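Have a look at the structure below, then the notes.
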Amino acid sequence: MTSAAPSAVKCVVWDLDNTLWNGVLLEDPDVRLRPEAAEVIRTLDTRGILHSIASRNDPTCAMAKLREFGLADFFLWPQINWNAKSDSIREIASRLSLGLDSFTFVDDQPFERSEVAFVHPQVLCLDAVDLRGIPDLKRMQPRFITDESSRRRLMYVSDMRRQTAEQAFTGSSEAFLATLGMTFTIGAVGGDDLKRAEELTVRTHQLNTTGYTYSHEELDQLRGSPDHLLMIGGLDDVFGSYGKIGLALVELGRDVWTIKLLLMSCRVISRGVGTVMLGHIMRLARAAGVRLRAEFVSNDRNRMMFITYRFAGFREIERRGDAQILETDLARIQELPSYIRLEVDPSLTAADQIR
């Protein structure tokens with residue numbers, strides 16, 4: 001277990017003129033694609049790194065050119081307008097529910113890079129001259145390329161369809177969620193899940209209770225430990241699968257269980273599923289007749305997880321270094337939202353089986 005490392009890059013935002021292609025589209029409709037740029041985009045896409053656009057351009061002409069080059073489908077929530085590039089990047093981050101510290105911006109113009117760097121100092125800004133070296137940057141190289149990462153863009157495309165459907169829906173937020181037919185699954189981490197489990201600890205910062213990261217090897221040891229419970233959560237709905245989006249690690253003491261890690265992917269932040277895994281752990285602890293504690297390490301982005309604990313009845317009982325130790329009396333456990341169906345691996349449904 002280690003403290004959180006600098007954020008891996010999750011999205012690269014591209015300028016178009018003299019960056020993705022040579023020339024200025026509004027001056028010359030026959031601009032030529034830079035083949036090295038297309039190669040970088042495809043390489044990073046296979047690693048699960050997303051792409052978008054922040055370009056001062058005519059959106060109709062630009063999208064037509066991207067379709068001509070066979071690249072339009074790679075870009076999520078492209079911002080092609082006359083706004084400041086920093087505004088466009090902020091909008092993309094909001095749409096993708098990603099932190100700006102996981103963004104990279106590629107542009108040929110020093111002014112544009114400086115403007116973005118001034119407004120968003122956490123964004124890595126790169127000169128388009130150096131784009132060939134982008135895949136070699138350490139932050140662009142995940143340790144593993146999982147099934148989740150190779151399908152990440154397609155899962156975000158499904159989420160774009162969800163957002164479009166939500167915007168067109170005229171009822172309440174809860175009524176819309178009820179139309180999604182969501183199924184949340186909780187299972188023990190298996191051998192095939194280890195790479196994704198490590199990836200979740202490395203990539204998830206906002207909805208993460210401690211920021212601890214665990215290697216593939218550490219997780220493999222923990223899943224076989226009789227003193228620990230390691231669970232992974234998945235989510236599906238009518239638009240498709242969100243993939244494996246949650247992870248929990250519980251230390252099983254004789255009289256006290258301690259949640260060492262609880263995290264949820266930012267992609268499900270608006271789906272009301274944040275308490276599902278926590279509620280399951282609480283029910284198991286109550287059935288086992290043990291006290292339940294949790295470690296929480298605050299940072300500038302995970303306050304929502306602290307609020308989740310507080311609403312679940314956890315209160316601080318002590319501090320150990322940077323960690324707050326919280327405890328709940330298990331008197332009240334939040335009910336599962338009516339619009340979510342929960343499926344739990346049978347090995348994780350009875351406290352006596354776990355212990």
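By order of appearance in the structure tokens: chains A, B, ..., then residues from 1 within every chain, and ligands from 1 in the order shown.
By chain and then residue number, the residues within 8 Å of Gly23 (chain A) are A:Asp17, A:Val31, A:Arg32, counting only C-alpha atoms and disregarding those fewer than 6 positions away in sequence.
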Handout entry: Non-local contacts of Ile53 (chain A) (9 Å; only C-alpha atoms; under 5 positions in same chain excluded) as a ChimeraX atom specification
Key = /A:12-16,75-80,88-89,92,105
Problem - Backbone DSSP call of strand (DSSP E or B) for region 23-199 of chain A, listed as a PyMOL selection string - result: chain A and resi 32-33+50-56+75+79-81+103-107+124-127+182-188
Problem - Residue contacts of Arg223 (chain A) (10 Å, only C-alpha atoms) excluding same-chain residues fewer than 4 positions away, as a PyMOL selection string - result: chain A and resi 188-191+194+218-219+227-231+249
Need the shell around region 134-151 of chain A: protein/DNA/RNA residues with any atom at most 10 Å away, counting only C-alpha atoms. Skip same-chain ones fewer than 3 positions apart. Format as a short mmCIF file (atom, residue, chain, number, x, y, z; two decimals) with C-alpha atoms, in the first residue's frame?
data_model
loop_
_atom_site.label_atom_id
_atom_site.label_comp_id
_atom_site.auth_asym_id
_atom_site.auth_seq_id
_atom_site.Cartn_x
_atom_site.Cartn_y
_atom_site.Cartn_z
CA PRO A 6 0.54 11.97 -9.30
CA SER A 7 -2.60 11.49 -11.35
CA ALA A 8 -2.40 9.35 -14.44
CA VAL A 9 -3.61 11.08 -17.58
CA LYS A 10 -7.21 10.14 -18.32
CA CYS A 11 -8.01 12.55 -21.16
CA VAL A 12 -6.00 14.30 -23.85
CA ALA A 37 -1.21 12.53 -34.42
CA GLU A 39 -1.24 7.16 -34.42
CA VAL A 40 -0.95 8.74 -30.96
CA ILE A 41 -4.75 8.95 -30.64
CA THR A 43 -2.41 4.13 -29.29
CA LEU A 44 -3.70 6.00 -26.25
CA ASP A 45 -7.26 4.86 -26.95
CA THR A 46 -6.18 1.22 -26.56
CA ARG A 47 -4.73 2.16 -23.16
CA GLY A 48 -8.05 3.56 -21.96
CA ILE A 49 -7.04 7.22 -22.31
CA LEU A 50 -9.86 9.38 -23.62
CA SER A 102 -5.89 14.08 -15.14
CA THR A 104 -3.38 16.95 -20.96
CA VAL A 106 -1.96 19.67 -26.89
CA LEU A 126 2.23 20.12 -24.41
CA ALA A 128 2.15 19.95 -30.73
CA ASP A 130 6.40 17.12 -29.38
CA LEU A 131 3.34 14.97 -29.94
CA LEU A 154 -17.26 2.95 -25.58
CA MET A 155 -18.50 3.03 -21.98
CA TYR A 156 -18.26 6.82 -22.02
CA ASP A 192 -9.28 -11.91 -13.32
CA ASP A 193 -10.28 -8.80 -11.35
CA LEU A 194 -6.85 -7.98 -9.88
CA LYS A 195 -5.61 -5.76 -12.70
CA ARG A 196 -8.84 -3.77 -12.69
CA GLU A 198 -5.25 -2.06 -8.99
CA GLU A 199 -6.35 0.29 -11.78
CA VAL A 202 -4.58 4.25 -9.03
CA ARG A 203 -7.15 6.11 -11.12
CA SER A 215 -0.46 -3.20 -6.32
CA HIS A 216 -1.64 -6.31 -8.16
CA TYR A 242 -20.40 0.75 -16.62
CA GLY A 243 -17.89 -2.03 -15.90
CA LYS A 244 -16.27 -2.67 -12.53
CA ILE A 245 -16.67 0.63 -10.74
#
Practice task
Pull the helix (DSSP H, G or I) assignments for region 94-225 of chain A out of DSSP run on the backbone, and list those residues as a ChimeraX atom specification.
Solution key: /A:94-96,100-102,110-119,128-136,138-140,147-150,152-168,173-179,191-203,216-223
Using C-alpha atoms, can you write the selected residues to a file as a PDB file, in the first residue's frame?
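As written to disk, out-v1.pdb reads:
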ATOM      1  CA  SER A  94     -17.436  18.491 -16.165  1.00  0.00           C
ATOM      2  CA  ARG A  95     -19.060  16.357 -18.857  1.00  0.00           C
ATOM      3  CA  LEU A  96     -16.673  13.456 -18.202  1.00  0.00           C
ATOM      4  CA  LEU A 100      -8.512  18.554 -14.260  1.00  0.00           C
ATOM      5  CA  ASP A 101      -5.295  17.094 -12.875  1.00  0.00           C
ATOM      6  CA  SER A 102      -5.889  14.081 -15.136  1.00  0.00           C
ATOM      7  CA  PRO A 110       2.257  29.182 -27.006  1.00  0.00           C
ATOM      8  CA  PHE A 111      -0.478  31.694 -26.138  1.00  0.00           C
ATOM      9  CA  GLU A 112      -3.172  29.005 -25.941  1.00  0.00           C
ATOM     10  CA  ARG A 113      -1.006  26.730 -23.808  1.00  0.00           C
ATOM     11  CA  SER A 114      -0.153  29.630 -21.499  1.00  0.00           C
ATOM     12  CA  GLU A 115      -3.804  30.635 -21.143  1.00  0.00           C
ATOM     13  CA  VAL A 116      -4.809  27.105 -20.151  1.00  0.00           C
ATOM     14  CA  ALA A 117      -1.824  26.723 -17.809  1.00  0.00           C
ATOM     15  CA  PHE A 118      -2.659  30.006 -16.082  1.00  0.00           C
ATOM     16  CA  VAL A 119      -6.328  29.131 -15.500  1.00  0.00           C
ATOM     17  CA  ALA A 128       2.151  19.951 -30.729  1.00  0.00           C
ATOM     18  CA  VAL A 129       5.734  19.777 -32.011  1.00  0.00           C
ATOM     19  CA  ASP A 130       6.396  17.118 -29.378  1.00  0.00           C
ATOM     20  CA  LEU A 131       3.340  14.971 -29.938  1.00  0.00           C
ATOM     21  CA  ARG A 132       5.302  11.920 -31.125  1.00  0.00           C
ATOM     22  CA  GLY A 133       6.654  11.488 -27.606  1.00  0.00           C
ATOM     23  CA  ILE A 134       3.282  11.644 -25.854  1.00  0.00           C
ATOM     24  CA  PRO A 135       2.769   7.841 -25.599  1.00  0.00           C
ATOM     25  CA  ASP A 136       6.203   7.525 -23.965  1.00  0.00           C
ATOM     26  CA  LYS A 138       5.145   7.961 -17.781  1.00  0.00           C
ATOM     27  CA  ARG A 139       1.695   9.370 -16.977  1.00  0.00           C
ATOM     28  CA  MET A 140       0.450   7.955 -20.299  1.00  0.00           C
ATOM     29  CA  ASP A 147     -10.616  -5.154 -20.636  1.00  0.00           C
ATOM     30  CA  GLU A 148     -12.084  -2.122 -18.872  1.00  0.00           C
ATOM     31  CA  SER A 149      -9.444   0.240 -20.215  1.00  0.00           C
ATOM     32  CA  SER A 150      -9.687  -1.039 -23.788  1.00  0.00           C
ATOM     33  CA  ARG A 152     -13.393   2.799 -21.712  1.00  0.00           C
ATOM     34  CA  ARG A 153     -14.275   5.097 -24.610  1.00  0.00           C
ATOM     35  CA  LEU A 154     -17.255   2.948 -25.582  1.00  0.00           C
ATOM     36  CA  MET A 155     -18.501   3.031 -21.985  1.00  0.00           C
ATOM     37  CA  TYR A 156     -18.259   6.822 -22.020  1.00  0.00           C
ATOM     38  CA  VAL A 157     -20.166   6.896 -25.326  1.00  0.00           C
ATOM     39  CA  SER A 158     -22.924   4.947 -23.575  1.00  0.00           C
ATOM     40  CA  ASP A 159     -22.810   7.511 -20.792  1.00  0.00           C
ATOM     41  CA  MET A 160     -23.204  10.316 -23.333  1.00  0.00           C
ATOM     42  CA  ARG A 161     -26.408   8.625 -24.484  1.00  0.00           C
ATOM     43  CA  ARG A 162     -27.547   8.441 -20.858  1.00  0.00           C
ATOM     44  CA  GLN A 163     -26.889  12.142 -20.396  1.00  0.00           C
ATOM     45  CA  THR A 164     -28.766  12.979 -23.597  1.00  0.00           C
ATOM     46  CA  ALA A 165     -31.722  10.876 -22.424  1.00  0.00           C
ATOM     47  CA  GLU A 166     -31.632  12.538 -19.000  1.00  0.00           C
ATOM     48  CA  GLN A 167     -31.672  16.014 -20.518  1.00  0.00           C
ATOM     49  CA  ALA A 168     -34.739  15.078 -22.576  1.00  0.00           C
ATOM     50  CA  SER A 173     -34.119  12.825 -11.162  1.00  0.00           C
ATOM     51  CA  GLU A 174     -35.284   9.764  -9.233  1.00  0.00           C
ATOM     52  CA  ALA A 175     -37.947   9.038 -11.840  1.00  0.00           C
ATOM     53  CA  PHE A 176     -35.277   9.125 -14.559  1.00  0.00           C
ATOM     54  CA  LEU A 177     -33.017   6.788 -12.595  1.00  0.00           C
ATOM     55  CA  ALA A 178     -35.927   4.370 -12.320  1.00  0.00           C
ATOM     56  CA  THR A 179     -36.039   4.145 -16.137  1.00  0.00           C
ATOM     57  CA  GLY A 191      -7.849 -13.490 -10.181  1.00  0.00           C
ATOM     58  CA  ASP A 192      -9.280 -11.914 -13.320  1.00  0.00           C
ATOM     59  CA  ASP A 193     -10.280  -8.805 -11.353  1.00  0.00           C
ATOM     60  CA  LEU A 194      -6.854  -7.979  -9.881  1.00  0.00           C
ATOM     61  CA  LYS A 195      -5.615  -5.759 -12.700  1.00  0.00           C
ATOM     62  CA  ARG A 196      -8.841  -3.770 -12.689  1.00  0.00           C
ATOM     63  CA  ALA A 197      -8.751  -3.545  -8.896  1.00  0.00           C
ATOM     64  CA  GLU A 198      -5.254  -2.063  -8.991  1.00  0.00           C
ATOM     65  CA  GLU A 199      -6.346   0.290 -11.777  1.00  0.00           C
ATOM     66  CA  LEU A 200      -9.247   1.519  -9.643  1.00  0.00           C
ATOM     67  CA  THR A 201      -6.971   2.381  -6.720  1.00  0.00           C
ATOM     68  CA  VAL A 202      -4.577   4.246  -9.029  1.00  0.00           C
ATOM     69  CA  ARG A 203      -7.154   6.111 -11.120  1.00  0.00           C
ATOM     70  CA  HIS A 216      -1.641  -6.308  -8.157  1.00  0.00           C
ATOM     71  CA  GLU A 217       0.549  -8.402  -5.848  1.00  0.00           C
ATOM     72  CA  GLU A 218      -0.734  -6.761  -2.655  1.00  0.00           C
ATOM     73  CA  LEU A 219      -4.323  -7.228  -3.738  1.00  0.00           C
ATOM     74  CA  ASP A 220      -3.672 -10.867  -4.577  1.00  0.00           C
ATOM     75  CA  GLN A 221      -2.371 -11.428  -1.033  1.00  0.00           C
ATOM     76  CA  LEU A 222      -5.297  -9.575   0.522  1.00  0.00           C
ATOM     77  CA  ARG A 223      -7.945 -11.508  -1.387  1.00  0.00           C
TER      78      ARG A 223
END
Handout entry: Long-range neighbours of Gly70 (chain A) as a PyMOL selection string, 12 Å cut-off, only C-alpha atoms, 3 positions minimum in chain
Key = chain A and resi 33+35+38+41-42+63-67+73-75
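For the set A:Leu180, A:Ile269, A:Ile186, A:Val250, the residue with the smallest atom-to-atom gap to Gln206 (chain A) is A:Ile269, counting only C-alpha atoms.
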Completion exercise
CA of His280 (chain A) sits from CA of Asp300 (chain A) at a separation of 27.2 Å
